[in-house]
>>> print(open('data-v3.txt').read())   # compact mmCIF, C-alpha atoms
# COMPACT_ATOMS: atom_id res chain seq x y z
CA MET A 1 -59.76 205.94 14.83
CA ALA A 2 -62.12 203.29 16.10
CA PRO A 3 -65.68 203.51 14.76
CA GLY A 4 -68.80 204.36 16.75
CA PRO A 5 -68.77 204.69 20.54
CA ARG A 6 -65.28 203.10 20.74
CA ARG A 7 -63.92 206.47 19.63
CA PHE A 8 -64.51 207.66 23.18
CA ARG A 9 -62.88 204.69 24.93
CA LEU A 10 -59.33 204.31 26.18
CA ASP A 11 -57.05 201.85 24.36
CA TRP A 12 -53.88 202.48 26.33
CA ASN A 13 -51.82 199.61 24.87
CA GLY A 14 -53.22 199.76 21.32
CA ASP A 15 -54.46 196.17 21.15
CA GLY A 16 -57.97 197.10 19.97
CA ILE A 17 -59.63 196.15 23.27
CA ASP A 18 -60.99 198.81 25.65
CA ASP A 19 -58.97 199.64 28.76
CA LEU A 20 -60.07 201.42 31.93
CA ALA A 21 -58.79 204.50 33.78
CA LEU A 22 -60.14 205.11 37.29
CA SER A 23 -59.34 207.72 39.88
CA ALA A 24 -58.68 206.46 43.41
CA ALA A 25 -56.65 207.60 46.42
CA GLY A 26 -55.18 210.64 44.66
CA SER A 27 -53.91 208.73 41.64
CA VAL A 28 -55.30 207.33 38.39
CA ALA A 29 -55.11 203.57 37.85
CA ILE A 30 -54.87 202.07 34.35
CA TRP A 31 -56.41 198.63 33.88
CA LEU A 32 -55.82 196.71 30.65
CA GLY A 33 -58.60 194.81 28.94
CA GLY A 34 -58.02 191.50 27.19
CA HIS A 35 -59.89 188.46 25.91
CA ALA A 36 -60.31 187.32 29.53
CA GLY A 37 -61.56 190.78 30.59
CA LEU A 38 -59.86 193.25 32.90
CA GLY A 39 -56.82 191.98 34.75
CA ASP A 40 -56.61 191.32 38.47
CA GLY A 41 -55.18 194.78 39.11
CA PRO A 42 -54.00 197.96 37.41
CA VAL A 43 -50.80 197.82 35.35
CA LEU A 44 -49.95 201.46 35.97
CA ARG A 45 -50.75 204.25 38.41
CA LEU A 46 -50.48 207.85 37.33
CA THR A 47 -49.46 209.83 40.39
CA ALA A 48 -50.21 213.50 40.92
CA PRO A 49 -47.58 215.92 39.61
CA ALA A 50 -45.91 218.08 42.22
CA ASP A 51 -47.89 220.95 43.76
CA THR A 52 -51.25 219.78 42.43
CA THR A 53 -54.51 219.34 44.32
CA GLY A 54 -57.57 217.36 43.25
CA PHE A 55 -55.67 215.20 40.76
CA GLY A 56 -58.10 212.81 39.06
CA GLU A 57 -61.30 214.71 39.92
CA ALA A 58 -61.98 214.64 36.18
CA LEU A 59 -60.42 212.58 33.39
CA VAL A 60 -61.29 211.74 29.79
CA PRO A 61 -59.84 209.50 27.04
CA ILE A 62 -58.90 211.70 24.08
CA GLY A 63 -58.28 209.11 21.35
CA ASP A 64 -54.90 208.69 19.68
CA LEU A 65 -53.73 212.30 19.42
CA ASP A 66 -50.28 211.63 17.99
CA GLY A 67 -51.17 208.72 15.69
CA ASP A 68 -48.80 206.26 17.36
CA GLY A 69 -51.48 203.59 17.79
CA PHE A 70 -51.93 204.10 21.54
CA GLY A 71 -54.83 205.85 23.25
CA ASP A 72 -54.15 209.04 25.22
CA LEU A 73 -55.71 210.38 28.41
CA VAL A 74 -56.27 213.83 29.93
CA VAL A 75 -56.42 214.14 33.73
CA ALA A 76 -57.35 217.34 35.59
CA ALA A 77 -56.35 218.67 39.00
CA PRO A 78 -58.91 221.48 39.28
CA SER A 79 -58.12 222.53 42.87
CA THR A 80 -54.46 223.29 42.13
CA VAL A 81 -53.28 226.67 43.41
CA THR A 82 -51.98 228.75 40.49
CA SER A 83 -51.35 232.13 42.13
CA ARG A 84 -51.12 233.82 45.50
CA GLU A 85 -51.83 237.42 46.39
CA ARG A 86 -52.55 239.37 49.56
CA GLY A 87 -52.22 236.23 51.63
CA GLY A 88 -54.81 234.33 49.57
CA GLU A 89 -54.68 231.48 47.06
CA PHE A 90 -56.33 231.33 43.66
CA ARG A 91 -57.21 227.79 42.58
CA GLY A 92 -56.97 228.06 38.83
CA GLY A 93 -56.56 224.31 38.34
CA ALA A 94 -54.41 222.33 35.92
CA GLY A 95 -54.79 219.68 33.22
CA TYR A 96 -52.31 217.07 32.03
CA LEU A 97 -52.02 214.94 28.89
CA TYR A 98 -50.72 211.38 29.27
CA ARG A 99 -49.72 209.61 26.07
CA GLY A 100 -50.59 205.91 26.03
CA GLY A 101 -48.23 203.02 25.42
CA SER A 102 -45.59 204.25 27.84
CA SER A 103 -45.03 202.79 31.28
CA ALA A 104 -43.45 206.10 32.31
CA ALA A 105 -46.42 208.20 31.14
CA THR A 106 -44.76 211.59 31.56
CA PRO A 107 -47.44 214.28 31.92
CA GLU A 108 -47.64 217.28 29.60
CA ARG A 109 -49.33 220.30 31.18
CA LEU A 110 -52.06 221.96 29.12
CA THR A 111 -52.10 225.66 28.37
CA VAL A 112 -54.90 227.51 30.18
CA LEU A 113 -56.44 230.66 28.75
CA GLY A 114 -57.07 233.61 31.05
CA THR A 115 -57.48 233.43 34.81
CA ALA A 116 -60.32 230.96 35.12
CA PRO A 117 -61.14 229.11 38.37
CA ARG A 118 -60.92 225.31 38.66
CA PHE A 119 -59.82 224.59 35.12
CA GLY A 120 -60.73 221.04 34.09
CA ALA A 121 -63.40 220.46 36.75
CA SER A 122 -65.43 219.14 33.81
CA LEU A 123 -63.87 217.41 30.78
CA ALA A 124 -65.31 215.94 27.59
CA ALA A 125 -64.15 214.81 24.15
CA GLY A 126 -65.73 214.76 20.70
CA ASP A 127 -64.94 214.88 16.99
CA LEU A 128 -66.30 218.38 16.51
CA ASP A 129 -65.16 218.89 12.90
CA GLY A 130 -65.66 215.37 11.54
CA ASP A 131 -62.00 214.77 10.67
CA GLY A 132 -61.82 211.50 12.62
CA ARG A 133 -59.82 212.93 15.52
CA LEU A 134 -61.16 213.86 18.93
CA GLU A 135 -60.97 217.34 20.39
CA LEU A 136 -60.79 218.03 24.13
CA ILE A 137 -63.40 220.26 25.76
CA ALA A 138 -62.51 221.63 29.20
CA ALA A 139 -64.79 223.71 31.43
CA THR A 140 -64.07 226.11 34.26
CA PRO A 141 -67.37 226.03 36.16
CA SER A 142 -68.14 229.38 37.69
CA ASN A 143 -70.48 227.99 40.34
CA SER A 144 -67.56 226.65 42.38
CA LEU A 145 -65.56 228.79 44.79
CA ALA A 146 -62.13 229.55 43.38
CA THR A 147 -60.55 231.36 46.31
CA ILE A 148 -59.75 230.87 49.96
CA GLN A 149 -58.42 233.06 52.76
CA GLY A 150 -60.52 236.10 51.93
CA LEU A 151 -59.67 236.76 48.29
CA ARG A 152 -62.47 238.30 46.25
CA PRO A 153 -64.27 235.54 44.26
CA ARG A 154 -63.56 235.50 40.53
CA TRP A 155 -66.62 234.30 38.67
CA ARG A 156 -65.23 233.70 35.20
CA ALA A 157 -66.99 230.84 33.49
CA GLY A 158 -65.20 229.35 30.53
CA VAL A 159 -65.40 226.47 28.06
CA TYR A 160 -62.29 225.80 26.01
CA VAL A 161 -61.67 223.52 23.02
CA TYR A 162 -58.28 221.93 22.33
CA GLY A 163 -57.42 220.48 18.92
CA SER A 164 -54.86 217.79 18.20
CA ASP A 165 -52.12 220.44 18.53
CA LEU A 166 -53.38 221.16 22.06
CA ALA A 167 -53.79 224.86 21.28
CA PRO A 168 -56.90 226.14 23.13
CA HIS A 169 -59.60 228.53 21.98
CA ALA A 170 -62.56 229.80 23.95
CA LEU A 171 -66.08 228.59 23.17
CA TRP A 172 -67.99 230.09 26.09
CA PRO A 173 -67.43 233.83 26.66
CA ALA A 174 -66.07 234.72 30.09
CA ASN A 175 -69.03 236.94 30.95
CA PRO A 176 -69.87 236.88 34.68
CA ASP A 177 -73.12 238.79 34.09
CA SER A 178 -74.63 236.19 31.75
CA ARG A 179 -75.01 232.52 32.78
CA ASP A 180 -72.78 230.31 34.87
CA VAL A 181 -71.32 227.05 33.60
CA ILE A 182 -72.06 223.88 35.59
CA ASP A 183 -70.36 221.34 33.31
CA VAL A 184 -69.74 220.36 29.70
CA ILE A 185 -70.81 217.18 27.91
CA ALA A 186 -69.94 215.70 24.51
CA GLY A 187 -69.71 212.31 22.86
CA GLY A 188 -72.32 212.19 20.10
CA ASP A 189 -73.83 213.72 16.97
CA LEU A 190 -77.18 215.26 17.87
CA ASP A 191 -78.07 216.76 14.47
CA GLY A 192 -76.84 213.94 12.20
CA ASP A 193 -74.29 215.97 10.21
CA GLY A 194 -71.35 213.67 10.98
CA CYS A 195 -69.78 216.02 13.54
CA ASP A 196 -70.08 215.66 17.29
CA ASP A 197 -71.76 218.41 19.26
CA VAL A 198 -71.12 219.97 22.68
CA ILE A 199 -73.66 220.51 25.44
CA VAL A 200 -72.98 223.13 28.12
CA ARG A 201 -75.13 222.95 31.25
CA THR A 202 -75.70 226.43 32.68
CA LEU A 203 -77.78 228.30 35.23
CA PRO A 204 -78.55 232.00 35.76
CA ALA A 205 -75.73 234.10 37.15
CA GLN A 206 -77.86 235.25 40.09
CA GLN A 207 -77.89 231.66 41.38
CA ARG A 208 -74.12 231.55 41.71
CA ASP A 209 -73.68 232.19 45.43
CA ALA A 210 -73.78 229.20 47.75
CA ALA A 211 -77.09 230.00 49.46
CA ASN A 212 -79.03 230.65 46.27
CA TYR A 213 -77.39 227.70 44.54
CA ALA A 214 -78.40 225.29 47.29
CA ARG A 215 -81.92 226.71 47.39
CA PHE A 216 -82.26 226.49 43.62
CA ALA A 217 -81.08 222.87 43.54
CA GLY A 218 -84.32 221.80 45.23
CA ALA A 219 -86.61 224.13 43.32
CA ASP A 220 -89.27 223.07 40.86
CA THR A 221 -88.47 225.72 38.25
CA ASP A 222 -86.69 224.55 35.10
CA VAL A 223 -83.93 227.16 35.18
CA VAL A 224 -80.98 224.94 34.26
CA GLU A 225 -80.38 225.12 30.52
CA LEU A 226 -78.73 222.48 28.35
CA ARG A 227 -77.26 224.51 25.51
CA VAL A 228 -76.11 222.58 22.47
CA TYR A 229 -73.32 223.91 20.25
CA THR A 230 -73.32 222.06 16.96
CA GLY A 231 -70.11 220.90 15.36
CA GLY A 232 -69.30 221.37 11.68
CA SER A 233 -66.46 221.21 9.19
CA ASP A 234 -65.06 224.34 10.83
CA GLY A 235 -65.37 222.87 14.32
CA ILE A 236 -67.49 224.39 17.04
CA ALA A 237 -68.57 228.02 17.33
CA ALA A 238 -70.28 230.07 20.03
CA ASP A 239 -72.76 231.55 17.54
CA ARG A 240 -74.17 228.07 16.78
CA GLY A 241 -75.59 227.53 20.24
CA HIS A 242 -79.21 227.15 21.29
CA VAL A 243 -81.19 225.64 24.15
CA LEU A 244 -81.77 221.90 23.78
CA ALA A 245 -83.73 221.41 26.99
CA ARG A 246 -84.35 222.81 30.48
CA SER A 247 -84.51 221.07 33.83
CA ASN A 248 -84.24 221.76 37.56
CA LYS A 249 -81.31 219.35 38.04
CA SER A 250 -78.20 221.40 38.84
CA GLY A 251 -76.23 218.84 40.84
CA PRO A 252 -74.62 215.54 39.86
CA PRO A 253 -74.68 213.49 37.82
CA SER A 254 -73.77 215.35 34.66
CA PRO A 255 -76.10 214.75 31.71
CA LEU A 256 -74.95 212.08 29.30
CA VAL A 257 -74.88 211.79 25.51
CA VAL A 258 -76.47 208.48 24.45
CA PRO A 259 -75.26 207.76 20.90
CA ASN A 260 -78.02 205.46 19.63
CA PHE A 261 -80.79 204.67 22.10
CA ASP A 262 -83.55 204.24 19.50
CA GLY A 263 -81.38 202.41 16.96
CA ASP A 264 -81.76 205.09 14.28
CA GLY A 265 -78.20 206.39 14.63
CA ARG A 266 -79.22 209.70 16.21
CA ALA A 267 -77.89 210.71 19.60
CA ALA A 268 -79.91 211.88 22.59
CA VAL A 269 -79.04 213.54 25.89
CA ALA A 270 -79.93 211.72 29.11
CA VAL A 271 -80.76 213.87 32.16
CA ALA A 272 -81.27 212.49 35.67
CA LYS A 273 -84.49 213.69 37.29
CA ASP A 274 -86.32 212.97 40.52
CA HIS A 275 -88.29 210.08 39.04
CA GLY A 276 -85.64 208.58 36.79
CA VAL A 277 -83.92 209.50 33.52
CA SER A 278 -85.32 211.63 30.69
CA LEU A 279 -83.94 211.60 27.15
CA ALA A 280 -83.99 214.71 24.94
CA ARG A 281 -82.89 215.11 21.35
CA LEU A 282 -83.29 217.38 18.37
CA GLY A 283 -86.45 216.66 16.40
CA LEU A 284 -86.60 216.38 12.61
CA THR A 285 -87.44 220.08 12.39
CA GLY A 286 -84.50 221.01 14.61
CA ALA A 287 -86.71 221.70 17.63
CA PRO A 288 -85.71 219.97 20.89
CA ALA A 289 -88.04 217.43 22.44
CA TRP A 290 -88.17 215.02 25.38
CA THR A 291 -88.44 211.62 23.71
CA ALA A 292 -88.31 208.98 26.47
CA GLU A 293 -88.86 208.66 30.21
CA LEU A 294 -87.01 205.88 32.04
CA LEU A 295 -88.52 205.40 35.49
CA PHE A 296 -86.20 204.54 38.38
CA PRO A 297 -87.58 201.48 40.23
CA VAL A 298 -86.55 202.66 43.74
CA ALA A 299 -88.82 205.32 45.22
CA ARG A 300 -87.22 208.53 46.52
CA ALA A 301 -83.73 207.40 45.46
CA THR A 302 -81.26 209.90 44.06
CA ILE A 303 -79.46 209.00 40.84
CA ASP A 304 -75.77 209.69 41.38
CA TYR A 305 -74.17 208.28 38.20
CA LEU A 306 -75.06 207.76 34.54
CA ALA A 307 -73.34 205.67 31.88
CA THR A 308 -74.15 204.25 28.46
CA GLY A 309 -73.01 201.39 26.25
CA ASP A 310 -74.26 198.50 24.13
CA LEU A 311 -74.49 195.80 26.78
CA ASP A 312 -76.34 193.18 24.72
CA GLY A 313 -74.61 193.79 21.38
CA ASP A 314 -77.78 194.67 19.45
CA GLY A 315 -76.39 197.95 18.10
CA ARG A 316 -78.49 200.17 20.37
CA SER A 317 -77.17 202.18 23.31
CA ASP A 318 -78.37 201.05 26.72
CA VAL A 319 -78.55 203.47 29.67
CA ILE A 320 -77.17 202.67 33.14
CA ALA A 321 -78.08 204.64 36.27
CA GLY A 322 -76.46 204.18 39.68
CA SER A 323 -77.59 205.30 43.11
CA HIS A 324 -75.29 204.88 46.11
CA THR A 325 -78.06 206.27 48.30
CA ALA A 326 -80.15 203.21 47.34
CA GLY A 327 -77.22 200.85 46.73
CA VAL A 328 -78.41 199.77 43.28
CA ILE A 329 -77.51 199.95 39.59
CA VAL A 330 -80.32 200.00 37.04
CA ALA A 331 -79.80 199.16 33.35
CA TYR A 332 -82.35 200.22 30.69
CA ARG A 333 -82.44 198.37 27.39
CA GLY A 334 -81.96 200.61 24.36
CA GLY A 335 -85.04 201.08 22.17
CA ALA A 336 -87.36 199.64 24.83
CA PRO A 337 -88.25 202.34 27.37
CA ALA A 338 -91.43 200.48 28.38
CA VAL A 339 -89.57 197.25 29.24
CA ALA A 340 -88.77 196.74 32.92
CA PRO A 341 -85.11 197.58 33.59
CA VAL A 342 -82.51 195.25 35.08
CA THR A 343 -81.70 196.07 38.72
CA LEU A 344 -78.38 195.07 40.29
CA SER A 345 -78.21 195.06 44.10
CA MET A 346 -75.20 195.90 46.25
CA PRO A 347 -72.66 193.05 46.39
CA PRO A 348 -72.35 191.52 49.90
CA ALA A 349 -68.77 192.78 50.40
CA ALA A 350 -69.61 196.39 49.61
CA GLN A 351 -70.71 199.08 52.08
CA VAL A 352 -71.17 202.01 49.66
CA PHE A 353 -72.17 201.07 46.09
CA PRO A 354 -71.70 202.31 43.42
CA LEU A 355 -69.12 205.10 43.57
CA SER A 356 -68.51 205.24 39.82
CA LEU A 357 -69.74 203.63 36.60
CA SER A 358 -67.49 202.93 33.61
CA VAL A 359 -68.39 201.14 30.40
CA GLY A 360 -66.19 199.44 27.80
CA ASP A 361 -65.82 196.21 25.87
CA PHE A 362 -63.10 195.01 28.19
CA ASP A 363 -63.03 191.46 26.79
CA GLY A 364 -63.42 192.26 23.08
CA ASP A 365 -66.51 190.10 22.54
CA GLY A 366 -68.58 192.85 20.87
CA ARG A 367 -70.71 193.56 23.96
CA ASP A 368 -69.92 196.33 26.38
CA ASP A 369 -69.17 195.52 30.01
CA LEU A 370 -69.75 197.56 33.16
CA ALA A 371 -67.17 198.39 35.83
CA ALA A 372 -68.60 199.76 39.10
CA SER A 373 -66.49 200.84 42.05
CA SER A 374 -67.51 200.59 45.70
CA SER A 375 -66.18 200.97 49.21
CA ALA A 376 -65.85 198.13 51.70
CA SER A 377 -64.95 200.48 54.56
CA GLY A 378 -68.17 202.48 54.50
CA ASP A 379 -66.67 205.79 53.38
CA HIS A 380 -66.72 207.24 49.87
CA SER A 381 -63.17 206.23 48.94
CA PRO A 382 -63.40 203.44 46.33
CA ASP A 383 -61.37 200.33 47.12
CA GLN A 384 -63.28 197.62 45.21
CA LEU A 385 -64.11 197.14 41.54
CA TRP A 386 -66.98 194.99 40.26
CA ILE A 387 -66.99 193.83 36.64
CA TYR A 388 -70.30 192.91 35.00
CA ARG A 389 -69.89 191.36 31.55
CA GLY A 390 -72.41 192.35 28.90
CA ASP A 391 -75.00 189.70 28.12
CA ALA A 392 -77.31 189.36 25.12
CA THR A 393 -80.20 188.15 27.26
CA THR A 394 -79.83 189.64 30.73
CA LEU A 395 -77.84 192.77 29.72
CA LEU A 396 -75.35 192.19 32.57
CA GLY A 397 -73.90 189.02 34.05
CA ALA A 398 -72.81 188.21 37.60
CA PRO A 399 -70.19 190.53 39.14
CA VAL A 400 -66.52 189.61 39.38
CA ALA A 401 -64.55 191.37 42.13
CA ARG A 402 -61.24 193.19 41.71
CA ARG A 403 -59.27 195.18 44.29
CA MET A 404 -58.53 198.79 43.40
CA VAL A 405 -55.85 199.49 46.01
CA PRO A 406 -52.69 197.48 46.76
>>> encode(input="data-v3.txt", output="structure tokens")
Amino acid sequence: MAPGPRRFRLDWNGDGIDDLALSAAGSVAIWLGGHAGLGDGPVLRLTAPADTTGFGEALVPIGDLDGDGFGDLVVAAPSTVTSRERGGEFRGGAGYLYRGGSSAATPERLTVLGTAPRFGASLAAGDLDGDGRLELIAATPSNSLATIQGLRPRWRAGVYVYGSDLAPHALWPANPDSRDVIDVIAGGDLDGDGCDDVIVRTLPAQQRDAANYARFAGADTDVVELRVYTGGSDGIAADRGHVLARSNKSGPPSPLVVPNFDGDGRAAVAVAKDHGVSLARLGLTGAPAWTAELLFPVARATIDYLATGDLDGDGRSDVIAGSHTAGVIVAYRGGAPAVAPVTLSMPPAAQVFPLSLSVGDFDGDGRDDLAASSSASGDHSPDQLWIYRGDATTLLGAPVARRMVP
């Protein structure tokens, strides 16, 4: 298992250099990294299995599950119809494991517990028991409609953990009268015990219907809870959960675990807010606290994407925020919240930018690079990829263009 943040990166061909998986046009494209950076185009496209809908809406690298030296990938199709009754369709969703190193990449369908809606709409990975292997965490958000054609809605929130044997167990109880799951986040050790932790973003059950949910999304009340479930030698458990922070941000982007922003080895959680990005982490006494405020330099812009990586190679995690409403990417230097961030403007060939942010050391030089997708046609279907190499001085270098579609 690769050390540090590389644990959460994809190494599809097992060469020790980060690779990239991106969803586009109903498929997932695999790009290989190398000493010259990402290639001119993807080497493989994972196409949607038969009778699936929403393939690629969520995906996550899951480490090397089978120990063959190649990184593996889980891809979800959360809108897949799983049952029909009384003329209606229940969209239970589906998830698939793809084992790296194979040009065929035959999918293996994951077992789903219960009758949850939109399985896999949110995916994460973390080493929850400290054994050096990643576990998969899959959420079934209950604030998304799971039925069409008049079927009674089934509000069954669920968060499920899969070990290396891919056997699932439930973390979040399927209790429709409690709180609803928005998404699940992992990727760092918040309490410093050597085991990664899981954050579940939730909101009150009474906000679940579409009208209340939309009204709440613009409210000033901090009703959204970020609940942290701490890992341990026995893995993760529902009785080890408590509120890390509260906010009024219920929509995208999902919060983000930042492994080492301050350089002390302790992870924080980044949350997009109206003014920028706030970082929260567990204090020395175990109490949660907001520890940094990163102001967004464009007034009234909405942050649509968050990412993190060590762009300058100094050992600290930098934070990247993207806004396609403003057409900019902003990079904040780790450990220096008061320093002015680096702002990247929309490339001339792009119409909508960015549409995704991905980070990895794609050239193996010890500094993370940024891959940002965009659209040249003006819609929200990504067809361009822009690669920014990490830089010790400027954080990010000049963009290099790649085409995402044939």
>>> closest_atom_pairs(input="data-v3.txt", of="range 276-346 of chain A", to="range 353-371 of chain A", cutoff="8 Å", atoms="all atoms listed in the file", output="Markdown table")
| residue | atom | partner | partner_atom | distance |
| --- | --- | --- | --- | --- |
| A:Tyr305 | CA | A:Leu357 | CA | 6.6 |
| A:Leu306 | CA | A:Leu357 | CA | 7.0 |
| A:Ala307 | CA | A:Leu357 | CA | 6.3 |
| A:Thr308 | CA | A:Val359 | CA | 6.8 |
| A:Gly309 | CA | A:Asp368 | CA | 5.9 |
| A:Asp310 | CA | A:Asp368 | CA | 5.3 |
| A:Leu311 | CA | A:Asp368 | CA | 4.6 |
| A:Asp312 | CA | A:Arg367 | CA | 5.7 |
| A:Gly313 | CA | A:Arg367 | CA | 4.7 |
| A:Gly322 | CA | A:Pro354 | CA | 6.3 |
| A:Ser323 | CA | A:Pro354 | CA | 6.6 |
| A:His324 | CA | A:Phe353 | CA | 4.9 |
| A:Gly327 | CA | A:Phe353 | CA | 5.1 |
| A:Val328 | CA | A:Phe353 | CA | 7.0 |
| A:Ile329 | CA | A:Pro354 | CA | 7.3 |
| A:Met346 | CA | A:Phe353 | CA | 6.0 |
>>> atom_distance(input="data-v3.txt", atom1="CA of Ala401 in chain A", atom2="CA of Trp31 in chain A")
13.7 Å
>>> closest_residue(input="data-v3.txt", among="A:Asp262, A:Asp183, A:Asp304, A:Asp40", to="Asp274 in chain A", atoms="all atoms listed in the file")
A:Asp304
>>> closest_residue(input="data-v3.txt", among="A:Leu385, A:Val81, A:Cys195, A:Val339", to="Pro42 in chain A", atoms="all atoms listed in the file")
A:Leu385
>>> residues_around(input="data-v3.txt", residues="Gly334 in chain A", least_positions_apart="4", cutoff="9 Å", atoms="only C-alpha atoms", output="list in words")
Asn260, Phe261, Asp262, Gly263, Asp310, Asp314, Gly315, Arg316, Ser317, Asp318 and Val319 of chain A
>>> residues_near_point(input="data-v3.txt", point="(-79.8, 227.4, 32.6)", cutoff="6 Å", atoms="all atoms listed in the file", output="MDAnalysis selection string")
chainID A and resid 202:204 223:225
>>> residues_near_point(input="data-v3.txt", point="(-84.4, 198.7, 40.9)", cutoff="6 Å", atoms="only C-alpha atoms", output="PyMOL selection string")
chain A and resi 297-298+330+343
>>> residues_around(input="data-v3.txt", residues="Arg9 in chain A", least_positions_apart="4", cutoff="8 Å", atoms="only C-alpha atoms", output="VMD selection string")
chain A and resid 5 18 to 19 61 63 360
>>> write_last_selection(input="data-v3.txt", atoms="C-alpha atoms", output="PDB file, keeping the file's coordinate frame")
ATOM      1  CA  PRO A   5     -68.770 204.690  20.540  1.00  0.00           C
ATOM      2  CA  ASP A  18     -60.990 198.810  25.650  1.00  0.00           C
ATOM      3  CA  ASP A  19     -58.970 199.640  28.760  1.00  0.00           C
ATOM      4  CA  PRO A  61     -59.840 209.500  27.040  1.00  0.00           C
ATOM      5  CA  GLY A  63     -58.280 209.110  21.350  1.00  0.00           C
ATOM      6  CA  GLY A 360     -66.190 199.440  27.800  1.00  0.00           C
TER       7      GLY A 360
END
>>> atom_distance(input="data-v3.txt", atom1="CA of Ala186 in chain A", atom2="CA of Gly67 in chain A")
21.9 Å
>>> residues_around(input="data-v3.txt", residues="Pro255 in chain A", least_positions_apart="3", cutoff="12 Å", atoms="only C-alpha atoms", output="JSON, numbers by chain")
{"A": [122, 124, 182, 183, 184, 185, 186, 187, 198, 199, 200, 201, 202, 224, 225, 226, 227, 245, 246, 247, 249, 250, 251, 252, 258, 268, 269, 270, 271, 272, 273, 277, 278, 279, 280, 303, 304, 305, 306, 307, 308, 319, 321]}
>>> closest_residue(input="data-v3.txt", among="A:Pro141, A:Gly16, A:Gly192, A:Gly132", to="Gly265 in chain A", atoms="only C-alpha atoms")
A:Gly192
>>> closest_residue(input="data-v3.txt", among="A:Ile62, A:Asp264, A:Gln351, A:Asp51", to="Ser83 in chain A", atoms="only C-alpha atoms")
A:Asp51
>>> residues_around(input="data-v3.txt", residues="Leu123 in chain A", least_positions_apart="6", cutoff="7 Å", atoms="all atoms listed in the file", output="ChimeraX atom specification")
/A:58-60,137-139,184
>>> residues_around(input="data-v3.txt", residues="Val400 in chain A", least_positions_apart="6", cutoff="7 Å", atoms="only C-alpha atoms", output="list in words")
Trp386, Ile387 and Tyr388 of chain A
>>> write_last_selection(input="data-v3.txt", atoms="C-alpha atoms", output="PDB file, in the frame of the given file")
ATOM      1  CA  TRP A 386     -66.980 194.990  40.260  1.00  0.00           C
ATOM      2  CA  ILE A 387     -66.990 193.830  36.640  1.00  0.00           C
ATOM      3  CA  TYR A 388     -70.300 192.910  35.000  1.00  0.00           C
TER       4      TYR A 388
END
>>> atom_distance(input="data-v3.txt", atom1="CA of Trp290 in chain A", atom2="CA of Asp196 in chain A")
19.8 Å
>>> closest_residue(input="data-v3.txt", among="A:Tyr98, A:Tyr229, A:Phe70, A:Phe296", to="Asp191 in chain A", atoms="only C-alpha atoms")
A:Tyr229
>>> closest_residue(input="data-v3.txt", among="A:Ala340, A:Leu136, A:Ala292, A:Val181", to="Gly235 in chain A", atoms="all atoms listed in the file")
A:Leu136
